[in-house]
Amino acid sequence: MNRKIKRAAVLGSGVMGSGIAAHLANVGIPTIMLDIVPRELTEAEKKKGLTLEDAAVRNRIAASNKEKLKKQKPSPITSKKSLDLIQVGNFDDHMEQLKDVDWIIEVVVENLDIKKKVYEQVEANRKEGSIVSSNTSGISINAMAEGRSEDFKNHFLGTHFFNPPRYLKLLEVIPNKDTDPEVLDFMKGFGEDVLGKGVVEAKDTPNFIANRIGTYGLLITVKEMLKGGYTIGEVDSVTGPMIGRPKSATFRTLDVVGLDTFVHVAKNVYDNVEGEEKEAFVIPEFMQQMNEKGWLGAKSGQGFFLKKKGKDGSQILELNPETLEYEERKKLKTQATEMAKQEKGSKRKVRAIVNAKGDRAGDLVWSISKPTLIYSAELVGEIADDINAIDEAMKWGFGWELGPFEMWDAIGVQQSVERMKEEGATVPAWVEEMLEKGIETFYKTENGKVYFYHNGEYVEKEVNPKEINLKLHKQANGVIKKNAGASLIDLGNDVALLEFHSQSNAIGLDTIQMINQSLEEVNKNYKGLVIGNQGKNFCVGANLGMMLMEAQDFNFPELDMVVRQFQQAMMNIKYNEKPVVAAPFGMTLGGGTEVCLPAHSVQASQETYMGLVEVGVGLIPGGGGNKEYYIQQLKGLPEGVDFDLQKVTNDVFEKIAMAKVSTSAAEAFESGLLDERTDSISVNGDHLIHDAKQKVISLHDAGFTPPKREKVPVVGEAGYATMLLGAKGLANSGYASEHDLKIAEKLAFVLAGGRLKYGTLVDEDYLLDLEREAFLSLIGEAKTQQRMQHMLLKGKPLRN
């Protein structure tokens with residue numbers, strides 16, 4: 001069946017419902033969002049003379065929740081334009097609109113009876129064959145389907161998004177016993193390819209996969225804290241990045257989620273399991289007291305932590321579980337934590353701390369890891385078919401860098417099982433059988449493929465063909481050439497990939513050298529080049545530390561040479577004879593944006609944060625970014641229409657001077673950093689390299705020719721004066737410092753093309769010379785060097 005989802009409906013507009021509607025709108029799916037009809041008028045409605053029969057009142061709940069999407073942080077929408085795709089209404093007046101949608105997602109309150117009443121209305125209004133799903137976090141999918149028609153049951157399943165839906169990758173898909181396999185397969189594929197999710201099929205058990213194990217792990221941690229006499233701050237200091245977990249660790253995570261939500265999720269498991277497992281889900285007394293007092297975390301202003309303003313600024317205090325009073329926050333610092341800090345990568349860090357027997361931090365991490373690993377192993381087959389589904393659910397839903405079985409591999413399965421048994425723990429029989437067979441790891445990698453242990457043997461992990469894992473690809477195929485900053489890789493199908501891998505993927509001379517070598521190699525032997533990587537971020541800019549050192553040593557000839565080479569490499573990309581496609585994601589700042597601007601096409605991840613931010617460190621872009629951004633804005637103007645050159649220049653000046661960064665790829669299109677005629681977005685970041693590769697092939701096969709060199713009109717001296725007037729206005733109002741004004745003067749001079757007549761045509765090399773001179777004069781300034789130093793030490797800009 002050639003199924004498509006062209007329109008969707010979301011029933012329930014609370015935090016999750018509106019977040020799911022926003023995510024659907026972000027990927028271009030028009031969505032109806034409905035909620036209940038209010039029973040009372042607000043004071044504002046009474047003043048306006050409205051009644052309960054007015055549409056504005058009847059749709060108020062959904063409409064106000066749509067409005068709240070604009071204010072939420074982090075933003076659930078990739079662009080304000082997304083909101084245009086969300087239409088609001090109510091359950092009483094607009095249910096008949098369900099006949100026009102292909103997917104109906106129920107996100108009402110977690111109450112089986114209420115959900116079943118909603119499904120009665122859905123059944124009366126939906127068209128045959130439309131998919132219906134519930135975003136429940138734990139109510140039985142089979143119980144919800146009871147009493148419904150065969151067609152409803154065949155097209156019904158659980159689709160459990162994690163909050164916030166735009167950012168958290170996990171989507172648990174849970175079939176009921178009558179779900180049509182074609183519907184299940186379609187939703188899994190749709191979830192990955194269109195919604196950009198990491199999809200895991202879960203079984204219809206309490207809280208499914210991630211919440212079942214995550215809740216258990218959190219409660220075990222609380223109980224071990226109380227038993228071992230640790231403080232809340234001490235626990236958080238070792239249960240975050242030190243063991244491959246998010247910075248929010250344990251208690252900060254609970255504060256973000258909300259204690260009431262957590263208690264509800266834990267109670268759901270408690271009510272549905274027996275024996276020892278039931279005991280594990282009992283909420284400790286002090287947490288019950290917090291819940292009763294309304295100390296729920298971020299949403300109530302206090303929880304496990306409290307931010308208190310004092311005369312020396314804000315201070316974060318931690319709760320004492322015994323006294324329920326707030327105290328100074330403590331951290332756990334031991335020999336094991338210091339050893340873990342020295343190690344690179346989560347696997348080595350967690351091994352160092354867990355195996356530190358007798359160490360206060362090591363003992364804590366072991367005491368919470370041991371039961372969680374055993375519990376995860378006991379649930380294989382019950383909550384999910386295999387260990388890989390469990391690991392991926394925990395990584396994508398809870399932000400763990402290592403799933404439970406990957407963590408077990410990291411600490412050593414054989415020795416940890418021996419220790420567990422010595423301490424009287426019962427390890428699931430299948431784990432012992434695995435070790436008896438001489439198999440000592442849950443996972444292995446061979447020839448670029450991942451295998452995991454399943455039912456007595458290793459089975460190959462199924463991977464979406466659009467997912468290219470560069471680390472595994474290099475293991476299997478090697479590299480064409482490499483240096484410390486970058487590697488050139490054969491991606492197959494006559495496409496090569498240039499991968500940055502310096503620290504933070506910062507651009508230095510070695511990266512520039514590899515860009516030039518890669519272009520030469522590609523022009524001889526390949527269809528084209530992808531510039532992409534799978535680091536934490538695409539590229540955070542040029543190597544600031546190296547430039548500062550040279551400037552402080554007054555080595556300006558060396559700096560001039562580096563900037564010239566960077567500029568030339570960007571020109572080489574722009575005029576290369578074979579197509580070059582950049583594949584940015586995450587932070588794509590300064591030099592990272594400068595690499596994308598001259599590329600023939602950009603395939604950007606939906607979560608791409610682009611901007612020319614050099615002003616923040618007292619500089620202006622030096623790799624051709626000013627020129628290329630300006631030319632891109634000129635290219636975007638309609639042909640044959642008179643335009644205001646000054647307006648275009650002012651716009652570019654303002655965006656660079658204010659160091660504006662897009663908060664998504666969609667915003668980068670709106671700011672003109674991406675071009676709708678040549679560039680596109682990959683919603684699923686795992687498919688980014690594949691999509692960029694396909695773009696190279698299609699450009700090549702369509703008979704690609706590089707752009708022709710053309711002269712550029714500039715606003716000259718008159719335009720320079722206009723830009724300067726605006727900058728001086730900001731300085732006079734106290735919004736810009738004296739040094740900010742100096743940077744703005746240099747930037748305005750570059751964009752204006754110097755002291756020429758308005759409308760003069762200049763070539764690109766002339767603009768690059770102006771840019772380089774301005775860059776070098778600024779880097780020699782003491783205040784710029786102070787800004788650079790501050791950014792390197794503190795990671796944030798200095799205003800001086």
# chains A, B, ... in the order shown; residues from 1 in each chain; ligands from 1

call {"tool": "select_by_dssp", "arguments": {"residues": "region 408-517 of chain A", "states": "alpha helix (DSSP H)", "output": "JSON, numbers by chain"}}
result
{"A": [408, 409, 410, 411, 413, 414, 415, 416, 417, 418, 419, 420, 421, 422, 429, 430, 431, 432, 433, 434, 435, 436, 470, 471, 472, 473, 474, 475, 476, 477, 509, 510, 511, 512, 513, 514, 515, 516, 517]}

call {"tool": "closest_atom_pairs", "arguments": {"of": "region 295-405 of chain A", "to": "region 410-428 of chain A", "cutoff": "10 Å", "atoms": "only C-alpha atoms", "output": "tab-separated table"}}
result
residue	atom	partner	partner_atom	distance
A:Ser346	CA	A:Ala410	CA	8.6
A:Lys347	CA	A:Ala410	CA	5.1
A:Arg348	CA	A:Ala410	CA	7.1
A:Lys349	CA	A:Ala410	CA	9.2
A:Val350	CA	A:Ile411	CA	6.9
A:Arg351	CA	A:Ile411	CA	4.6
A:Ala352	CA	A:Ile411	CA	8.2
A:Ile353	CA	A:Ile411	CA	9.2
A:Val354	CA	A:Ile411	CA	7.1
A:Asn355	CA	A:Ile411	CA	7.3
A:Trp366	CA	A:Ser416	CA	9.6
A:Lys370	CA	A:Met420	CA	7.2
A:Pro371	CA	A:Ala425	CA	8.5
A:Leu373	CA	A:Val427	CA	9.3
A:Ile374	CA	A:Val427	CA	6.2
A:Tyr375	CA	A:Pro428	CA	8.8
A:Ser376	CA	A:Pro428	CA	9.8
A:Ala377	CA	A:Pro428	CA	6.5
A:Glu378	CA	A:Pro428	CA	6.0
A:Leu379	CA	A:Pro428	CA	9.6
A:Val380	CA	A:Pro428	CA	10.0
A:Leu402	CA	A:Ala410	CA	8.8
A:Pro404	CA	A:Ala410	CA	9.8
A:Phe405	CA	A:Ala410	CA	8.6

call {"tool": "residues_around", "arguments": {"residues": "Asp236 (chain A)", "least_positions_apart": "6", "cutoff": "8 Å", "atoms": "only C-alpha atoms", "output": "list in words"}}
result
Ser248, Ala249, Thr250, Phe251, Arg252 and Lys331 of chain A

call {"tool": "write_last_selection", "arguments": {"atoms": "N, CA and C atoms", "output": "PDB file, in the first residue's frame"}}
result
ATOM      1  N   SER A 248      22.701  17.126  33.378  1.00  0.00           N
ATOM      2  CA  SER A 248      21.673  17.240  34.418  1.00  0.00           C
ATOM      3  C   SER A 248      21.698  16.060  35.394  1.00  0.00           C
ATOM      4  N   ALA A 249      22.534  15.040  35.100  1.00  0.00           N
ATOM      5  CA  ALA A 249      22.765  13.912  36.016  1.00  0.00           C
ATOM      6  C   ALA A 249      21.459  13.309  36.545  1.00  0.00           C
ATOM      7  N   THR A 250      21.316  13.152  37.878  1.00  0.00           N
ATOM      8  CA  THR A 250      20.140  12.476  38.441  1.00  0.00           C
ATOM      9  C   THR A 250      19.084  13.472  38.925  1.00  0.00           C
ATOM     10  N   PHE A 251      19.448  14.289  39.897  1.00  0.00           N
ATOM     11  CA  PHE A 251      18.442  15.133  40.568  1.00  0.00           C
ATOM     12  C   PHE A 251      18.093  16.381  39.761  1.00  0.00           C
ATOM     13  N   ARG A 252      19.075  16.897  39.019  1.00  0.00           N
ATOM     14  CA  ARG A 252      18.755  18.033  38.146  1.00  0.00           C
ATOM     15  C   ARG A 252      17.778  17.564  37.060  1.00  0.00           C
ATOM     16  N   LYS A 331      30.196  18.547  46.204  1.00  0.00           N
ATOM     17  CA  LYS A 331      30.633  17.681  45.106  1.00  0.00           C
ATOM     18  C   LYS A 331      31.478  16.561  45.688  1.00  0.00           C
TER      19      LYS A 331
END

call {"tool": "closest_atom_pairs", "arguments": {"of": "region 635-656 of chain A", "to": "region 750-766 of chain A", "cutoff": "12 Å", "atoms": "only C-alpha atoms", "output": "Markdown table"}}
result
| residue | atom | partner | partner_atom | distance |
| --- | --- | --- | --- | --- |
| A:Phe643 | CA | A:Gly759 | CA | 11.7 |
| A:Asp644 | CA | A:Gly759 | CA | 10.5 |
| A:Leu645 | CA | A:Gly759 | CA | 8.0 |
| A:Gln646 | CA | A:Ala752 | CA | 9.0 |
| A:Lys647 | CA | A:Ala752 | CA | 11.8 |
| A:Val648 | CA | A:Leu751 | CA | 10.4 |
| A:Thr649 | CA | A:Leu751 | CA | 6.8 |
| A:Asn650 | CA | A:Leu751 | CA | 9.0 |
| A:Asp651 | CA | A:Leu751 | CA | 10.7 |
| A:Val652 | CA | A:Leu751 | CA | 8.3 |
| A:Phe653 | CA | A:Leu751 | CA | 7.2 |
| A:Glu654 | CA | A:Leu751 | CA | 11.0 |
| A:Ile656 | CA | A:Leu751 | CA | 10.4 |

call {"tool": "write_last_selection", "arguments": {"atoms": "N, CA and C atoms", "output": "mmCIF file, in the first residue's frame"}}
result
data_model
loop_
_atom_site.group_PDB
_atom_site.id
_atom_site.type_symbol
_atom_site.label_atom_id
_atom_site.label_comp_id
_atom_site.auth_asym_id
_atom_site.auth_seq_id
_atom_site.Cartn_x
_atom_site.Cartn_y
_atom_site.Cartn_z
ATOM 1 N N PHE A 643 16.686 47.144 -7.043
ATOM 2 C CA PHE A 643 16.701 46.914 -5.594
ATOM 3 C C PHE A 643 17.575 47.966 -4.937
ATOM 4 N N ASP A 644 17.391 48.110 -3.652
ATOM 5 C CA ASP A 644 18.142 49.090 -2.876
ATOM 6 C C ASP A 644 19.412 48.415 -2.355
ATOM 7 N N LEU A 645 20.535 48.710 -3.003
ATOM 8 C CA LEU A 645 21.813 48.086 -2.638
ATOM 9 C C LEU A 645 22.204 48.423 -1.198
ATOM 10 N N GLN A 646 21.872 49.651 -0.782
ATOM 11 C CA GLN A 646 22.197 50.062 0.591
ATOM 12 C C GLN A 646 21.446 49.198 1.609
ATOM 13 N N LYS A 647 20.169 48.901 1.308
ATOM 14 C CA LYS A 647 19.350 48.095 2.230
ATOM 15 C C LYS A 647 19.953 46.696 2.398
ATOM 16 N N VAL A 648 20.396 46.103 1.266
ATOM 17 C CA VAL A 648 21.010 44.762 1.312
ATOM 18 C C VAL A 648 22.277 44.809 2.162
ATOM 19 N N THR A 649 23.109 45.837 1.917
ATOM 20 C CA THR A 649 24.381 45.961 2.649
ATOM 21 C C THR A 649 24.124 46.184 4.137
ATOM 22 N N ASN A 650 23.166 47.053 4.459
ATOM 23 C CA ASN A 650 22.834 47.310 5.872
ATOM 24 C C ASN A 650 22.404 46.030 6.578
ATOM 25 N N ASP A 651 21.613 45.229 5.881
ATOM 26 C CA ASP A 651 21.098 43.989 6.458
ATOM 27 C C ASP A 651 22.236 43.027 6.798
ATOM 28 N N VAL A 652 23.175 42.869 5.844
ATOM 29 C CA VAL A 652 24.326 41.980 6.072
ATOM 30 C C VAL A 652 25.191 42.551 7.202
ATOM 31 N N PHE A 653 25.419 43.849 7.180
ATOM 32 C CA PHE A 653 26.206 44.524 8.223
ATOM 33 C C PHE A 653 25.610 44.254 9.608
ATOM 34 N N GLU A 654 24.297 44.425 9.720
ATOM 35 C CA GLU A 654 23.629 44.234 11.018
ATOM 36 C C GLU A 654 23.765 42.796 11.512
ATOM 37 N N ILE A 656 26.037 40.507 10.767
ATOM 38 C CA ILE A 656 27.408 40.147 11.172
ATOM 39 C C ILE A 656 27.796 40.920 12.435
#

call {"tool": "residues_around", "arguments": {"residues": "Leu741 (chain A)", "least_positions_apart": "3", "cutoff": "7 Å", "atoms": "only C-alpha atoms", "output": "list of chain:residue names"}}
result
A:Ala727, A:Lys728, A:Ala731, A:Ala736, A:Ser737, A:Glu738, A:Ala744, A:Glu745

call {"tool": "residues_around", "arguments": {"residues": "region 278-284 of chain A", "least_positions_apart": "6", "cutoff": "7 Å", "atoms": "only C-alpha atoms", "output": "short mmCIF file (atom, residue, chain, number, x, y, z; two decimals) with N, CA, C and O atoms, in the first residue's frame"}}
result
data_model
loop_
_atom_site.label_atom_id
_atom_site.label_comp_id
_atom_site.auth_asym_id
_atom_site.auth_seq_id
_atom_site.Cartn_x
_atom_site.Cartn_y
_atom_site.Cartn_z
N TYR A 216 13.57 3.09 37.09
CA TYR A 216 14.21 2.13 38.01
C TYR A 216 15.60 2.65 38.41
O TYR A 216 15.94 2.70 39.60
N LEU A 219 15.39 5.62 40.83
CA LEU A 219 14.99 5.24 42.20
C LEU A 219 16.09 4.47 42.92
O LEU A 219 16.30 4.65 44.13
N ALA A 266 6.44 6.36 37.97
CA ALA A 266 6.89 5.29 38.86
C ALA A 266 5.70 4.50 39.42
O ALA A 266 5.74 3.27 39.51
N VAL A 269 4.35 1.76 37.12
CA VAL A 269 5.04 0.46 37.17
C VAL A 269 4.68 -0.25 38.47
O VAL A 269 4.36 -1.44 38.48
N TYR A 270 4.72 0.49 39.58
CA TYR A 270 4.41 -0.09 40.89
C TYR A 270 3.07 -0.82 40.87
O TYR A 270 2.93 -1.93 41.39
#

call {"tool": "residues_around", "arguments": {"residues": "Val450 (chain A)", "least_positions_apart": "2", "cutoff": "9 Å", "atoms": "only C-alpha atoms", "output": "ChimeraX atom specification"}}
result
/A:443-448,452,459-462,472

call {"tool": "closest_residue", "arguments": {"among": "A:Ala484, A:Val132, A:Val118, A:Leu497", "to": "Ile468 (chain A)", "atoms": "only C-alpha atoms"}}
result
A:Leu497

call {"tool": "residues_around", "arguments": {"residues": "Gly258 (chain A)", "least_positions_apart": "4", "cutoff": "9 Å", "atoms": "only C-alpha atoms", "output": "list of chain:residue names"}}
result
A:Thr253, A:Leu254, A:Phe262, A:Val263, A:Trp295, A:Leu296, A:Gly297, A:Ala298, A:Lys299, A:Ser300, A:Gly303

call {"tool": "closest_residue", "arguments": {"among": "A:Gly672, A:Gly198, A:Pro706, A:Pro713", "to": "Ala393 (chain A)", "atoms": "only C-alpha atoms"}}
result
A:Gly198

call {"tool": "decode", "arguments": {"residues": "region 144-161 of chain A", "atoms": "N, CA and C atoms", "output": "mmCIF file, in the first residue's frame"}}
result
data_model
loop_
_atom_site.group_PDB
_atom_site.id
_atom_site.type_symbol
_atom_site.label_atom_id
_atom_site.label_comp_id
_atom_site.auth_asym_id
_atom_site.auth_seq_id
_atom_site.Cartn_x
_atom_site.Cartn_y
_atom_site.Cartn_z
ATOM 1 N N MET A 144 -6.480 0.063 25.650
ATOM 2 C CA MET A 144 -7.095 1.224 24.984
ATOM 3 C C MET A 144 -7.871 0.804 23.736
ATOM 4 N N ALA A 145 -7.415 -0.277 23.078
ATOM 5 C CA ALA A 145 -8.046 -0.703 21.819
ATOM 6 C C ALA A 145 -9.319 -1.523 22.051
ATOM 7 N N GLU A 146 -9.529 -1.957 23.295
ATOM 8 C CA GLU A 146 -10.704 -2.807 23.581
ATOM 9 C C GLU A 146 -12.003 -2.100 23.206
ATOM 10 N N GLY A 147 -12.908 -2.875 22.557
ATOM 11 C CA GLY A 147 -14.226 -2.335 22.219
ATOM 12 C C GLY A 147 -14.266 -1.549 20.924
ATOM 13 N N ARG A 148 -13.114 -1.411 20.273
ATOM 14 C CA ARG A 148 -13.082 -0.658 19.018
ATOM 15 C C ARG A 148 -13.272 -1.606 17.826
ATOM 16 N N SER A 149 -13.562 -1.036 16.645
ATOM 17 C CA SER A 149 -13.806 -1.853 15.448
ATOM 18 C C SER A 149 -12.514 -2.498 14.972
ATOM 19 N N GLU A 150 -12.655 -3.474 14.089
ATOM 20 C CA GLU A 150 -11.472 -4.178 13.565
ATOM 21 C C GLU A 150 -10.552 -3.213 12.820
ATOM 22 N N ASP A 151 -11.139 -2.317 11.985
ATOM 23 C CA ASP A 151 -10.314 -1.379 11.220
ATOM 24 C C ASP A 151 -9.555 -0.446 12.156
ATOM 25 N N PHE A 152 -10.199 -0.009 13.239
ATOM 26 C CA PHE A 152 -9.540 0.852 14.234
ATOM 27 C C PHE A 152 -8.361 0.103 14.853
ATOM 28 N N LYS A 153 -8.613 -1.121 15.334
ATOM 29 C CA LYS A 153 -7.551 -1.908 15.985
ATOM 30 C C LYS A 153 -6.388 -2.168 15.037
ATOM 31 N N ASN A 154 -6.704 -2.463 13.771
ATOM 32 C CA ASN A 154 -5.647 -2.746 12.779
ATOM 33 C C ASN A 154 -4.749 -1.532 12.547
ATOM 34 N N HIS A 155 -5.320 -0.354 12.762
ATOM 35 C CA HIS A 155 -4.582 0.883 12.479
ATOM 36 C C HIS A 155 -4.201 1.639 13.746
ATOM 37 N N PHE A 156 -4.252 0.943 14.889
ATOM 38 C CA PHE A 156 -3.987 1.597 16.180
ATOM 39 C C PHE A 156 -2.682 1.093 16.793
ATOM 40 N N LEU A 157 -1.911 2.011 17.364
ATOM 41 C CA LEU A 157 -0.664 1.638 18.046
ATOM 42 C C LEU A 157 -0.237 2.778 18.978
ATOM 43 N N GLY A 158 0.772 2.510 19.774
ATOM 44 C CA GLY A 158 1.335 3.555 20.634
ATOM 45 C C GLY A 158 2.480 4.237 19.888
ATOM 46 N N THR A 159 2.526 5.564 19.965
ATOM 47 C CA THR A 159 3.689 6.301 19.451
ATOM 48 C C THR A 159 4.131 7.227 20.582
ATOM 49 N N HIS A 160 5.089 6.767 21.371
ATOM 50 C CA HIS A 160 5.482 7.490 22.578
ATOM 51 C C HIS A 160 6.673 8.402 22.279
ATOM 52 N N PHE A 161 6.377 9.717 22.134
ATOM 53 C CA PHE A 161 7.431 10.719 21.957
ATOM 54 C C PHE A 161 8.016 11.072 23.317
#
